[in-house]
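What follows is the content of entry-v3.cif (mmCIF, C-alpha atoms).
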data_coords
loop_
_atom_site.label_atom_id
_atom_site.label_comp_id
_atom_site.auth_asym_id
_atom_site.auth_seq_id
_atom_site.Cartn_x
_atom_site.Cartn_y
_atom_site.Cartn_z
CA MET A 1 96.33 65.84 127.12
CA ASN A 2 98.17 66.11 130.40
CA GLU A 3 101.60 64.66 129.74
CA GLY A 4 103.78 66.42 132.28
CA GLY A 5 101.62 67.44 135.18
CA SER A 6 101.07 70.92 133.75
CA GLY A 7 97.63 72.48 133.45
CA PHE A 8 97.46 72.61 129.67
CA VAL A 9 99.51 70.55 127.23
CA PRO A 10 98.49 71.11 123.59
CA ASN A 11 97.85 68.04 121.52
CA PRO A 12 100.28 67.77 118.54
CA ILE A 13 97.39 67.31 116.08
CA LEU A 14 95.67 70.40 117.48
CA SER A 15 98.96 72.30 117.12
CA GLY A 16 99.33 71.14 113.53
CA LEU A 17 95.79 72.14 112.58
CA ILE A 18 96.05 75.51 114.29
CA GLY A 19 99.42 76.04 112.62
CA ILE A 20 98.37 75.18 109.08
CA CYS A 21 95.22 77.31 108.82
CA PRO A 22 96.77 80.74 109.55
CA LEU A 23 99.84 79.79 107.51
CA ILE A 24 97.69 79.11 104.46
CA VAL A 25 95.49 82.18 104.89
CA VAL A 26 98.37 84.53 105.49
CA SER A 27 101.12 83.26 103.15
CA ARG A 28 99.81 84.89 99.99
CA SER A 29 103.11 86.41 98.99
CA LEU A 30 106.80 85.86 99.60
CA ALA A 31 106.92 88.91 101.90
CA GLU A 32 103.97 87.82 104.03
CA GLY A 33 105.10 84.19 104.16
CA THR A 34 108.66 85.13 105.12
CA ILE A 35 107.67 87.59 107.84
CA TYR A 36 104.96 85.30 109.26
CA GLY A 37 107.35 82.31 109.25
CA LEU A 38 110.09 84.41 110.83
CA GLY A 39 107.71 85.59 113.55
CA ALA A 40 106.51 82.09 114.34
CA ALA A 41 110.08 80.76 114.37
CA MET A 42 111.43 83.55 116.57
CA CYS A 43 108.55 83.27 119.05
CA ALA A 44 109.04 79.50 119.23
CA LEU A 45 112.80 79.80 119.70
CA ALA A 46 112.41 82.39 122.47
CA LEU A 47 109.75 80.25 124.14
CA GLY A 48 111.93 77.14 123.80
CA ALA A 49 114.86 78.94 125.42
CA LEU A 50 112.71 80.37 128.20
CA ALA A 51 110.62 77.32 129.06
CA PRO A 52 113.26 75.62 131.26
CA LEU A 53 113.88 78.92 133.10
CA VAL A 54 110.15 79.38 133.65
CA ARG A 55 109.99 75.85 135.00
CA ALA A 56 112.81 76.62 137.45
CA PHE A 57 111.16 79.75 138.87
CA ILE A 58 107.43 79.09 138.56
CA THR A 59 105.43 76.23 139.98
CA ASP A 60 103.91 73.64 137.64
CA ARG A 61 100.45 74.98 138.41
CA LEU A 62 101.28 78.36 136.84
CA HIS A 63 103.71 77.12 134.19
CA ALA A 64 101.23 76.95 131.28
CA PRO A 65 99.53 80.34 131.86
CA ALA A 66 102.91 82.03 132.39
CA THR A 67 104.33 80.53 129.18
CA LEU A 68 101.21 81.46 127.23
CA ALA A 69 101.42 85.02 128.57
CA PHE A 70 105.08 85.20 127.56
CA SER A 71 104.14 83.87 124.14
CA ALA A 72 101.59 86.69 123.81
CA VAL A 73 104.23 89.24 124.82
CA LEU A 74 106.60 87.89 122.16
CA ALA A 75 103.88 88.02 119.50
CA ILE A 76 102.98 91.60 120.39
CA ALA A 77 106.65 92.63 120.38
CA PHE A 78 107.16 91.02 116.97
CA GLY A 79 103.98 92.76 115.73
CA PHE A 80 105.42 96.12 116.81
CA CYS A 81 108.65 95.38 114.95
CA VAL A 82 106.75 94.45 111.78
CA ARG A 83 104.57 97.59 111.97
CA ILE A 84 107.68 99.75 112.20
CA TYR A 85 109.50 97.79 109.49
CA SER A 86 106.71 97.75 106.90
CA SER A 87 103.14 98.90 107.38
CA ALA A 88 102.10 97.15 104.15
CA ILE A 89 103.28 93.77 105.43
CA ALA A 90 101.80 94.43 108.88
CA THR A 91 98.45 95.32 107.27
CA GLY A 92 98.57 92.16 105.18
CA LEU A 93 99.30 89.97 108.20
CA TRP A 94 96.63 91.82 110.18
CA ILE A 95 95.14 89.78 113.05
CA TYR A 96 97.55 86.91 112.41
CA LEU A 97 100.45 88.86 113.96
CA PRO A 98 99.04 88.77 117.52
CA LEU A 99 97.75 85.26 116.82
CA LEU A 100 101.39 84.16 116.56
CA ALA A 101 101.04 83.74 120.34
CA VAL A 102 99.03 80.59 119.72
CA SER A 103 100.51 79.53 116.38
CA GLY A 104 101.03 75.83 115.83
CA LEU A 105 104.75 76.27 116.39
CA SER A 106 104.26 78.12 119.70
CA LEU A 107 101.83 75.47 120.92
CA SER A 108 104.25 72.74 119.89
CA THR A 109 107.02 74.53 121.82
CA LEU A 110 104.69 74.91 124.77
CA ARG A 111 104.12 71.16 124.64
CA HIS A 112 107.87 70.46 124.60
CA GLY A 113 108.41 72.95 127.44
CA SER A 114 105.69 71.39 129.56
CA LEU A 115 107.33 67.97 129.52
CA LEU A 116 109.55 67.27 132.48
CA ASP A 117 112.14 65.36 130.47
CA ARG A 118 114.58 67.77 128.77
CA SER A 119 115.40 65.25 126.04
CA ALA A 120 113.11 64.00 123.32
CA PRO A 121 112.57 60.21 123.01
CA ASP A 122 115.24 60.04 120.26
CA GLY A 123 117.85 61.58 122.59
CA ARG A 124 117.96 65.06 121.06
CA SER A 125 117.45 68.02 123.40
CA ARG A 126 113.98 69.53 123.29
CA PHE A 127 115.44 72.91 122.28
CA ALA A 128 117.13 71.29 119.28
CA VAL A 129 113.76 69.82 118.26
CA VAL A 130 112.13 73.26 118.60
CA ALA A 131 114.95 74.89 116.60
CA LEU A 132 114.60 72.36 113.78
CA GLU A 133 110.80 72.75 113.74
CA SER A 134 111.19 76.54 113.66
CA LEU A 135 113.62 76.45 110.77
CA MET A 136 111.39 74.07 108.78
CA PHE A 137 108.30 76.20 109.50
CA PHE A 138 110.09 79.36 108.37
CA LEU A 139 111.31 77.75 105.15
CA THR A 140 107.87 76.25 104.46
CA ALA A 141 106.10 79.58 105.03
CA ALA A 142 108.51 81.43 102.74
CA PHE A 143 108.26 78.74 100.04
CA VAL A 144 104.47 78.52 100.21
CA GLY A 145 104.15 82.32 100.06
CA GLY A 146 106.59 82.71 97.17
CA ALA A 147 105.20 79.83 95.12
CA ARG A 148 101.58 80.94 95.56
CA GLU A 149 102.45 84.49 94.57
CA ILE A 150 104.32 83.45 91.44
CA ILE A 151 101.58 81.03 90.36
CA GLY A 152 98.71 83.33 91.35
CA LEU A 153 99.94 86.80 90.49
CA GLY A 154 103.10 86.29 88.44
CA THR A 155 105.06 88.49 90.86
CA LEU A 156 107.47 88.09 93.74
CA THR A 157 107.23 90.63 96.58
CA LEU A 158 110.38 90.94 98.65
CA PRO A 159 110.10 91.68 102.38
CA THR A 160 111.67 95.13 102.08
CA PRO A 161 110.87 97.96 104.52
CA GLY A 162 108.43 100.79 103.86
CA MET A 163 104.89 101.18 102.70
CA GLU A 164 105.47 99.62 99.30
CA PRO A 165 107.67 96.51 99.35
CA LEU A 166 109.86 95.83 96.32
CA ARG A 167 108.01 93.76 93.72
CA LEU A 168 109.61 91.69 90.97
CA VAL A 169 107.38 90.95 87.99
CA VAL A 170 108.13 87.40 86.87
CA VAL A 171 105.37 87.18 84.25
CA ASN A 172 103.11 90.04 83.33
CA ILE A 173 99.88 88.09 83.72
CA SER A 174 98.01 86.54 86.63
CA PRO A 175 97.90 82.90 85.53
CA LEU A 176 95.92 81.31 88.38
CA ARG A 177 94.65 83.95 90.76
CA ILE A 178 92.82 81.37 92.85
CA PHE A 179 96.16 80.33 94.34
CA VAL A 180 96.43 83.56 96.34
CA SER A 181 93.03 82.97 97.94
CA PRO A 182 92.69 80.76 101.04
CA ALA A 183 90.96 78.05 98.96
CA GLY A 184 93.87 78.05 96.50
CA GLY A 185 96.24 77.89 99.44
CA PHE A 186 94.71 74.63 100.62
CA ILE A 187 94.80 73.25 97.06
CA PHE A 188 98.49 74.18 96.91
CA LEU A 189 99.07 72.53 100.28
CA GLY A 190 97.38 69.38 98.96
CA PHE A 191 99.79 69.29 95.99
CA LEU A 192 102.72 69.90 98.33
CA VAL A 193 101.70 67.03 100.61
CA ALA A 194 101.24 64.75 97.58
CA VAL A 195 104.74 65.60 96.30
CA TYR A 196 106.20 65.06 99.79
CA ARG A 197 104.51 61.68 100.23
CA SER A 198 105.47 60.40 96.78
CA THR A 199 109.08 61.49 97.37
CA ILE A 200 109.19 59.69 100.72
CA ARG A 201 107.66 56.60 99.10
CA ALA A 202 110.22 56.65 96.27
CA ILE A 203 113.08 56.95 98.77
CA ARG A 204 111.74 53.99 100.79
CA ARG A 205 111.42 51.88 97.64
CA ARG A 206 115.05 52.59 96.76
CA GLN A 207 116.15 51.61 100.26
CA LEU A 208 114.32 48.28 99.95
CA MET B 1 96.63 73.64 154.70
CA ALA B 2 96.21 77.33 155.41
CA PHE B 3 99.90 77.84 154.65
CA ASP B 4 99.43 76.18 151.25
CA ARG B 5 96.48 78.39 150.47
CA HIS B 6 98.44 81.52 151.40
CA LEU B 7 101.39 80.34 149.31
CA LYS B 8 99.13 79.85 146.30
CA ILE B 9 97.64 83.30 146.75
CA LEU B 10 101.15 84.76 146.94
CA GLU B 11 102.20 82.91 143.80
CA ASN B 12 99.13 84.17 141.95
CA LEU B 13 99.79 87.72 143.12
CA ALA B 14 103.44 87.54 142.05
CA LEU B 15 102.54 86.30 138.59
CA SER B 16 99.76 88.90 138.24
CA SER B 17 102.20 91.65 139.23
CA VAL B 18 104.75 90.54 136.67
CA LEU B 19 102.09 90.35 133.94
CA GLY B 20 100.74 93.76 134.93
CA PHE B 21 104.22 95.25 134.70
CA ILE B 22 104.71 93.69 131.26
CA ALA B 23 101.33 95.08 130.14
CA LEU B 24 102.41 98.58 131.21
CA LEU B 25 105.68 98.13 129.35
CA ILE B 26 103.84 97.10 126.18
CA ALA B 27 101.50 100.07 126.47
CA ALA B 28 104.50 102.41 126.75
CA ILE B 29 106.18 100.84 123.72
CA SER B 30 102.94 101.07 121.72
CA PHE B 31 103.05 104.89 122.08
CA VAL B 32 106.52 104.94 120.52
CA VAL B 33 105.40 102.60 117.72
CA ASP B 34 102.30 104.71 117.05
CA SER B 35 104.36 107.89 116.77
CA ARG B 36 106.61 106.19 114.20
CA ILE B 37 103.58 105.05 112.21
CA VAL B 38 102.00 108.52 112.31
CA ALA B 39 105.27 110.00 111.01
CA GLU B 40 105.36 107.47 108.17
CA GLU B 41 101.73 108.12 107.20
CA LEU B 42 102.20 111.89 107.29
CA SER B 43 105.23 111.67 105.03
CA VAL B 44 102.89 110.24 102.40
CA LEU B 45 99.72 112.23 103.09
CA ALA B 46 100.93 115.77 103.69
CA PRO B 47 103.67 118.06 102.39
CA SER B 48 106.40 118.72 104.91
CA SER B 49 105.42 122.40 105.19
CA ALA B 50 101.85 121.61 106.28
CA VAL B 51 100.65 121.78 109.87
CA VAL B 52 99.04 118.45 110.69
CA VAL B 53 97.06 117.33 113.71
CA VAL B 54 95.27 114.07 114.38
CA ALA B 55 91.63 115.11 114.03
CA SER B 56 90.20 111.80 115.20
CA HIS B 57 91.28 108.38 116.41
CA ALA B 58 88.92 106.00 114.65
CA ASP B 59 87.71 102.75 116.13
CA ASP B 60 87.56 101.10 112.71
CA PRO B 61 89.31 97.98 111.40
CA SER B 62 90.21 99.74 108.14
CA PHE B 63 91.73 103.00 109.37
CA ASP B 64 93.18 104.30 112.62
CA ARG B 65 93.36 108.07 112.31
CA ILE B 66 91.96 111.02 110.41
CA TYR B 67 94.45 113.85 109.95
CA ARG B 68 93.62 117.52 109.57
CA ILE B 69 96.11 119.08 107.19
CA GLN B 70 96.52 122.85 107.28
CA THR B 71 98.38 124.37 104.35
CA ASP B 72 98.85 128.09 103.65
CA ALA B 73 95.41 128.83 102.29
CA ALA B 74 93.07 126.05 103.34
CA PHE B 75 92.75 122.87 105.27
CA SER B 76 91.75 119.35 104.30
CA TYR B 77 91.47 115.88 105.83
CA ALA B 78 93.32 112.70 104.96
CA SER B 79 93.71 109.14 106.12
CA VAL B 80 95.39 105.85 105.24
CA VAL B 81 92.77 103.17 104.69
CA SER B 82 93.51 99.46 104.37
CA LEU B 83 91.27 97.55 101.97
CA ARG B 84 91.02 93.80 102.39
CA SER B 85 89.66 91.00 100.26
CA SER B 86 90.11 87.27 100.84
CA SER B 87 93.15 87.20 98.56
CA SER B 88 94.85 90.56 99.06
CA THR B 89 95.24 93.70 101.12
CA VAL B 90 96.19 97.17 99.90
CA LEU B 91 96.91 100.49 101.58
CA VAL B 92 95.15 103.49 100.05
CA GLY B 93 95.68 107.17 100.80
CA VAL B 94 92.36 109.03 100.97
CA TRP B 95 92.09 112.83 100.83
CA PHE B 96 88.97 114.84 101.67
CA THR B 97 88.01 118.49 101.23
CA SER B 98 87.39 120.72 104.23
CA THR B 99 83.64 120.01 103.91
CA GLY B 100 84.18 116.25 104.04
CA GLU B 101 83.82 115.43 100.35
CA LEU B 102 86.04 112.70 98.93
CA ARG B 103 88.73 114.40 96.84
CA GLU B 104 91.33 111.79 95.92
CA LEU B 105 92.24 108.14 96.34
CA ARG B 106 95.78 106.96 95.78
CA PHE B 107 97.27 103.46 95.90
CA LEU B 108 100.08 103.46 98.46
CA GLY B 109 101.23 99.90 98.73
CA SER B 110 100.50 96.21 99.02
CA CYS B 111 102.40 92.99 99.39
CA SER B 112 99.79 90.56 98.08
CA SER B 113 98.18 92.23 95.12
CA GLN B 114 99.18 93.37 91.68
CA LEU B 115 99.39 97.10 91.19
CA PRO B 116 95.96 98.28 90.09
CA SER B 117 96.09 100.30 86.88
CA THR B 118 93.38 102.66 88.12
CA ILE B 119 91.49 103.37 91.28
CA ARG B 120 88.38 102.16 89.49
CA ASN B 121 90.07 98.73 89.15
CA LEU B 122 91.04 98.88 92.80
CA ILE B 123 87.47 99.53 93.90
CA ALA B 124 86.21 96.78 91.57
CA GLU B 125 88.67 94.30 92.99
CA PHE B 126 87.83 95.10 96.60
CA PRO B 127 84.07 94.90 97.07
CA GLY B 128 84.42 96.31 100.58
CA ALA B 129 86.54 99.23 99.45
CA GLU B 130 83.67 101.61 99.00
CA THR B 131 82.37 100.65 102.42
CA ALA B 132 85.70 101.34 104.12
CA VAL B 133 86.22 104.60 102.25
CA GLY B 134 82.56 105.44 102.89
CA ARG B 135 83.00 104.97 106.64
CA ALA B 136 86.05 107.25 106.56
CA THR B 137 84.04 109.81 104.55
CA ASP B 138 81.21 109.70 107.09
CA LEU B 139 83.61 110.32 109.94
CA VAL B 140 85.29 113.21 108.12
CA ARG B 141 81.89 114.75 107.34
CA ARG B 142 80.99 114.58 111.01
CA LEU B 143 84.33 116.18 111.87
CA ALA B 144 83.83 118.89 109.23
CA ASN B 145 80.33 119.63 110.50
CA GLY B 146 81.57 119.72 114.06
CA THR B 147 84.33 122.12 113.07
CA SER B 148 81.99 124.42 111.19
CA GLU B 149 79.43 124.33 113.99
CA GLY B 150 82.16 125.04 116.48
CA GLY B 151 83.48 127.87 114.35
CA SER B 152 80.14 129.55 113.80
#
Let's see the structure in the file written out as structure tokens.
Amino acid sequence: MNEGGSGFVPNPILSGLIGICPLIVVSRSLAEGTIYGLGAAMCALALGALAPLVRAFITDRLHAPATLAFSAVLAIAFGFCVRIYSSAIATGLWIYLPLLAVSGLSLSTLRHGSLLDRSAPDGRSRFAVVALESLMFFLTAAFVGGAREIIGLGTLTLPTPGMEPLRLVVVNISPLRIFVSPAGGFIFLGFLVAVYRSTIRAIRRRQL
Amino acid sequence: MAFDRHLKILENLALSSVLGFIALLIAAISFVVDSRIVAEELSVLAPSSAVVVVASHADDPSFDRIYRIQTDAAFSYASVVSLRSSSSTVLVGVWFTSTGELRELRFLGSCSSQLPSTIRNLIAEFPGAETAVGRATDLVRRLANGTSEGGS
């Protein structure tokens, strides 16, 4: 666990697990998925930018608690913004807004920030790795939310401000409502992983 | 050795001070955010001519405040209640009479649920809805009783 001499360095598998569960529970619609993904990405980017500064001013002993505290501040600030922007979306995201402080992406960024080496093993800067992870997480959250909503409810809710976000009715029935429940979310994730793996396998076969 | 210990104590104090300052800052911002949310809720719950006060701050996961709405002739109570199920969350406006009886429920918004055709459908879809609305009703009844007792 302790890779860089800091008090707490999150394990990447722990980060992944902690990241996936809230993502699946909370991404029930395009609006929720987009706002949750945006929050996680923005918190991670701010943490990634701040981590080297924190390291310069704060001793290693206090680096992890200080970064975690800053992560909590970012999550609370983002929660305030969402509550002002749209109370419907904030109500939907509920407890998962403050939990952005310990989202998988934040923990992953914390892990990158805790390492003494500023470059990843492949030579890229750690901030570039965080930025790419953030972008991919945001796109995944928006896609998962939108796809689940279309399949489950036949609608597409846009992340517009106000108490009632704009809703586009794609089909006027709810084909598979289970997909907007957490159980359906994990089923959807299973399909997504299967498609991803088979695509990677097909690409490798072509390369051979 | 003693110097190291003092240095560590100083470091801890410095970090605690910074975190305390940030906590105060967040508390100050939360007042501003709350006032914006109250304004948004009131724009839905009460006509602009009404005199509205926050009758109670509720410690409930489903609703934050009960408003007392004074119009020309009478007064009533209202609140915004969030109803949650495992697959969706909706915001519902709830209006009560001055005696604390439930008068009206109105769907206000949601971002993960289809629009319910009727409130009956809404209640059927959210098994906990009656509980949340019931808790709000209980609180309003207590407020109404308190008001009448105070007035008499």
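Residues matched by the PyMOL selection byres ((chain A) within 7 of (chain B)) in this file: A:Arg28, A:Ser29, A:Ala31, A:Phe80, A:Ile84, A:Ala88, A:Ile89, A:Gly92, A:Leu153, A:Thr157, A:Met163, A:Glu164, A:Pro165, A:Val180, A:Ser181, A:Pro182.
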*Would you mind reading off the distance between atom CA of A:Thr91 and atom CA of A:Leu23, one decimal, in Å?*
15.6 Å
*Evaluate the PyMOL selection byres ((chain A and resi 67-72) around 9) and record the selected residues as JSON, numbers by chain, following the chain and residue labels used in the document.*
{"A": [43, 44, 46, 47, 50, 51, 54, 62, 63, 64, 65, 66, 73, 74, 75, 76, 77, 98, 99, 100, 101, 102, 106, 107, 110, 113], "B": [19]}
_Suppose a student applies the PyMOL selection byres ((chain A and resi 140) around 12) to this structure; what residues should they get, written as a ChimeraX atom specification?_
/A:19-20,23-24,27,30,33-38,40-41,133-139,141-148,189,192-193
Keeping only C-alpha atoms, write the selected residues as a PDB file, keeping the file's coordinate frame.
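out_1.pdb, freshly written:
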ATOM      1  CA  GLY A  19      99.420  76.040 112.620  1.00  0.00           C
ATOM      2  CA  ILE A  20      98.370  75.180 109.080  1.00  0.00           C
ATOM      3  CA  LEU A  23      99.840  79.790 107.510  1.00  0.00           C
ATOM      4  CA  ILE A  24      97.690  79.110 104.460  1.00  0.00           C
ATOM      5  CA  SER A  27     101.120  83.260 103.150  1.00  0.00           C
ATOM      6  CA  LEU A  30     106.800  85.860  99.600  1.00  0.00           C
ATOM      7  CA  GLY A  33     105.100  84.190 104.160  1.00  0.00           C
ATOM      8  CA  THR A  34     108.660  85.130 105.120  1.00  0.00           C
ATOM      9  CA  ILE A  35     107.670  87.590 107.840  1.00  0.00           C
ATOM     10  CA  TYR A  36     104.960  85.300 109.260  1.00  0.00           C
ATOM     11  CA  GLY A  37     107.350  82.310 109.250  1.00  0.00           C
ATOM     12  CA  LEU A  38     110.090  84.410 110.830  1.00  0.00           C
ATOM     13  CA  ALA A  40     106.510  82.090 114.340  1.00  0.00           C
ATOM     14  CA  ALA A  41     110.080  80.760 114.370  1.00  0.00           C
ATOM     15  CA  GLU A 133     110.800  72.750 113.740  1.00  0.00           C
ATOM     16  CA  SER A 134     111.190  76.540 113.660  1.00  0.00           C
ATOM     17  CA  LEU A 135     113.620  76.450 110.770  1.00  0.00           C
ATOM     18  CA  MET A 136     111.390  74.070 108.780  1.00  0.00           C
ATOM     19  CA  PHE A 137     108.300  76.200 109.500  1.00  0.00           C
ATOM     20  CA  PHE A 138     110.090  79.360 108.370  1.00  0.00           C
ATOM     21  CA  LEU A 139     111.310  77.750 105.150  1.00  0.00           C
ATOM     22  CA  ALA A 141     106.100  79.580 105.030  1.00  0.00           C
ATOM     23  CA  ALA A 142     108.510  81.430 102.740  1.00  0.00           C
ATOM     24  CA  PHE A 143     108.260  78.740 100.040  1.00  0.00           C
ATOM     25  CA  VAL A 144     104.470  78.520 100.210  1.00  0.00           C
ATOM     26  CA  GLY A 145     104.150  82.320 100.060  1.00  0.00           C
ATOM     27  CA  GLY A 146     106.590  82.710  97.170  1.00  0.00           C
ATOM     28  CA  ALA A 147     105.200  79.830  95.120  1.00  0.00           C
ATOM     29  CA  ARG A 148     101.580  80.940  95.560  1.00  0.00           C
ATOM     30  CA  LEU A 189      99.070  72.530 100.280  1.00  0.00           C
ATOM     31  CA  LEU A 192     102.720  69.900  98.330  1.00  0.00           C
ATOM     32  CA  VAL A 193     101.700  67.030 100.610  1.00  0.00           C
TER      33      VAL A 193
END
*Using atom CA of B:Trp95 and atom CA of B:Ser76 as the two end points, give the distance in Å to one decimal.*
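Answer for the atom CA of B:Trp95 to atom CA of B:Ser76 separation: 7.4 Å.
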